[in-house]
Amino acid sequence: MSERSVSKQKRGKRWYTLIAPEQFDREELGETMADEPEKVDGRTIEVTLGDLTGDQGANNTKLTFKVNDVSSDAAYTEFVKHELARDYLRSLVRRGASKISASITVLTKDDYRVQIQPVAFTTKKADRSQEKAIRRVMIDYVEEAAEERTFEELVDSAVVDGRLSSAIYGEAKTIYPLRRVEVQKLTLEARPEEVAAEEEAAVDVDEEDVAVDEA
């Protein structure tokens, strides 16, 4: 492609400002370039919680946002994933101690399906029964948190202010001494309309099975 063609192509594109959802105060996340608004839809951007809050201590928390609405010069996003930096998680591991994790898929009060992965670090080596009991606490607290909260409230509790990990820590430390509890990852798996569509499809399949059995 000639330099003139490249220059012409760039002139046909425009910048779109990526905007965080209202939950994150509509902060500007960055910019992206495209020649058509439709090509911006679905793009993702990763920032740290520290970038949004100004708290340098939150730079180990990575947030991913996905564009779901585009206007003339702005691209609005939704929150889709949170993940702690691997270097930070490695720094919490101690020789002769236990790392206990769980992966829990839950449905929030407003029907968002979310996967949450808490992790606990003990002061010394826990035995299997203690690890199992701590993992049970994680599962119970995550399921309860999702049942009582909307998706936005769950993200606040698990990601922004750390209430979920603090609650797990407070209960699990009575089983075995802990150094720290974190929510290492939270992922949006399905929105309410997607969950409803999946449930409807499952019902259709069940009805077909019944019809076959009756035949």
# chains A, B, ... in the order shown; residues from 1 in each chain; ligands from 1
$ select_by_dssp --residues "segment 15-180 of chain A" --states "alpha helix (DSSP H)" --output "PyMOL selection string"
chain A and resi 49-53+86-92+128-148+151-155+163-172
$ residues_around --residues "Gly57 of chain A" --least-positions-apart "6" --cutoff "12 Å" --atoms "only C-alpha atoms" --output "number ranges by chain"
A: 48-51, 88
$ select_by_dssp --residues "segment 9-150 of chain A" --states "strand (DSSP E or B)" --output "PyMOL selection string"
chain A and resi 14-19+28-34+44-48+61-70+74-84+99-101+104-107+113-122
$ closest_atom_pairs --of "segment 51-87 of chain A" --to "segment 118-125 of chain A" --cutoff "12 Å" --atoms "only C-alpha atoms" --output "JSON lines"
{"residue": "A:His82", "atom": "CA", "partner": "A:Pro118", "partner_atom": "CA", "distance": 11.8}
{"residue": "A:Glu83", "atom": "CA", "partner": "A:Pro118", "partner_atom": "CA", "distance": 10.7}
{"residue": "A:Leu84", "atom": "CA", "partner": "A:Pro118", "partner_atom": "CA", "distance": 10.7}
$ closest_residue --among "A:Arg95, A:Asn68, A:Ala58, A:Val106" --to "Gly162 of chain A" --atoms "only C-alpha atoms"
A:Ala58
$ residues_around --residues "Leu52 of chain A" --least-positions-apart "6" --cutoff "10 Å" --atoms "only C-alpha atoms" --output "ChimeraX atom specification"
/A:20,24-29,58-59,63
$ write_last_selection --atoms "N, CA, C and O atoms" --output "PDB file, in the first residue's frame"
ATOM      1  N   ALA A  20     -16.031   4.795  31.053  1.00  0.00           N
ATOM      2  CA  ALA A  20     -16.378   3.758  32.032  1.00  0.00           C
ATOM      3  C   ALA A  20     -17.858   3.847  32.380  1.00  0.00           C
ATOM      4  O   ALA A  20     -18.481   4.902  32.223  1.00  0.00           O
ATOM      5  N   PHE A  24     -18.350   3.451  37.793  1.00  0.00           N
ATOM      6  CA  PHE A  24     -16.983   3.961  37.916  1.00  0.00           C
ATOM      7  C   PHE A  24     -16.915   5.434  37.516  1.00  0.00           C
ATOM      8  O   PHE A  24     -15.918   5.910  36.978  1.00  0.00           O
ATOM      9  N   ASP A  25     -18.023   6.152  37.768  1.00  0.00           N
ATOM     10  CA  ASP A  25     -18.103   7.614  37.626  1.00  0.00           C
ATOM     11  C   ASP A  25     -17.851   8.125  36.211  1.00  0.00           C
ATOM     12  O   ASP A  25     -17.407   9.268  36.029  1.00  0.00           O
ATOM     13  N   ARG A  26     -18.141   7.315  35.219  1.00  0.00           N
ATOM     14  CA  ARG A  26     -18.000   7.729  33.818  1.00  0.00           C
ATOM     15  C   ARG A  26     -16.591   8.266  33.513  1.00  0.00           C
ATOM     16  O   ARG A  26     -16.414   9.172  32.686  1.00  0.00           O
ATOM     17  N   GLU A  27     -15.605   7.701  34.171  1.00  0.00           N
ATOM     18  CA  GLU A  27     -14.213   8.118  33.938  1.00  0.00           C
ATOM     19  C   GLU A  27     -13.798   7.786  32.503  1.00  0.00           C
ATOM     20  O   GLU A  27     -14.251   6.799  31.922  1.00  0.00           O
ATOM     21  N   GLU A  28     -12.917   8.614  31.945  1.00  0.00           N
ATOM     22  CA  GLU A  28     -12.354   8.321  30.627  1.00  0.00           C
ATOM     23  C   GLU A  28     -11.295   7.233  30.765  1.00  0.00           C
ATOM     24  O   GLU A  28     -10.369   7.348  31.561  1.00  0.00           O
ATOM     25  N   LEU A  29     -11.441   6.179  29.971  1.00  0.00           N
ATOM     26  CA  LEU A  29     -10.539   5.031  30.038  1.00  0.00           C
ATOM     27  C   LEU A  29      -9.413   5.118  29.024  1.00  0.00           C
ATOM     28  O   LEU A  29      -8.362   4.492  29.188  1.00  0.00           O
ATOM     29  N   ALA A  58      -3.932   0.297  44.501  1.00  0.00           N
ATOM     30  CA  ALA A  58      -4.889  -0.513  43.745  1.00  0.00           C
ATOM     31  C   ALA A  58      -4.389  -0.840  42.340  1.00  0.00           C
ATOM     32  O   ALA A  58      -5.152  -1.340  41.513  1.00  0.00           O
ATOM     33  N   ASN A  59      -3.119  -0.588  42.083  1.00  0.00           N
ATOM     34  CA  ASN A  59      -2.586  -0.846  40.740  1.00  0.00           C
ATOM     35  C   ASN A  59      -2.417  -2.328  40.434  1.00  0.00           C
ATOM     36  O   ASN A  59      -2.165  -2.698  39.285  1.00  0.00           O
ATOM     37  N   LEU A  63      -8.779  -4.204  35.616  1.00  0.00           N
ATOM     38  CA  LEU A  63     -10.184  -4.210  35.232  1.00  0.00           C
ATOM     39  C   LEU A  63     -10.296  -4.209  33.713  1.00  0.00           C
ATOM     40  O   LEU A  63      -9.562  -3.485  33.037  1.00  0.00           O
TER      41      LEU A  63
END
$ residues_around --residues "Arg113 of chain A" --least-positions-apart "3" --cutoff "8 Å" --atoms "only C-alpha atoms" --output "VMD selection string"
chain A and resid 105 to 108 188 to 192 195
$ write_last_selection --atoms "N, CA and C atoms" --output "tab-separated table (two decimals), in the first residue's frame"
chain	number	residue	atom	x	y	z
A	105	THR	N	-19.46	-20.24	40.34
A	105	THR	CA	-20.35	-19.57	39.39
A	105	THR	C	-21.69	-19.30	40.08
A	106	VAL	N	-22.10	-18.05	40.05
A	106	VAL	CA	-23.31	-17.64	40.77
A	106	VAL	C	-24.20	-16.78	39.88
A	107	LEU	N	-25.44	-16.63	40.31
A	107	LEU	CA	-26.40	-15.75	39.64
A	107	LEU	C	-26.75	-14.63	40.62
A	108	THR	N	-26.59	-13.38	40.18
A	108	THR	CA	-26.88	-12.25	41.06
A	108	THR	C	-28.38	-12.03	41.19
A	188	LEU	N	-17.70	-11.66	34.24
A	188	LEU	CA	-19.09	-11.66	33.80
A	188	LEU	C	-19.25	-12.72	32.72
A	189	GLU	N	-20.05	-13.74	33.00
A	189	GLU	CA	-20.24	-14.83	32.04
A	189	GLU	C	-21.46	-14.63	31.15
A	190	ALA	N	-22.53	-14.06	31.70
A	190	ALA	CA	-23.76	-13.88	30.91
A	190	ALA	C	-24.61	-12.78	31.53
A	191	ARG	N	-25.22	-11.98	30.64
A	191	ARG	CA	-26.14	-10.93	31.07
A	191	ARG	C	-27.54	-11.53	31.24
A	192	PRO	N	-28.46	-10.80	31.87
A	192	PRO	CA	-29.79	-11.36	32.13
A	192	PRO	C	-30.50	-11.89	30.88
A	195	VAL	N	-28.91	-15.17	29.94
A	195	VAL	CA	-29.32	-16.22	30.88
A	195	VAL	C	-30.74	-16.69	30.55
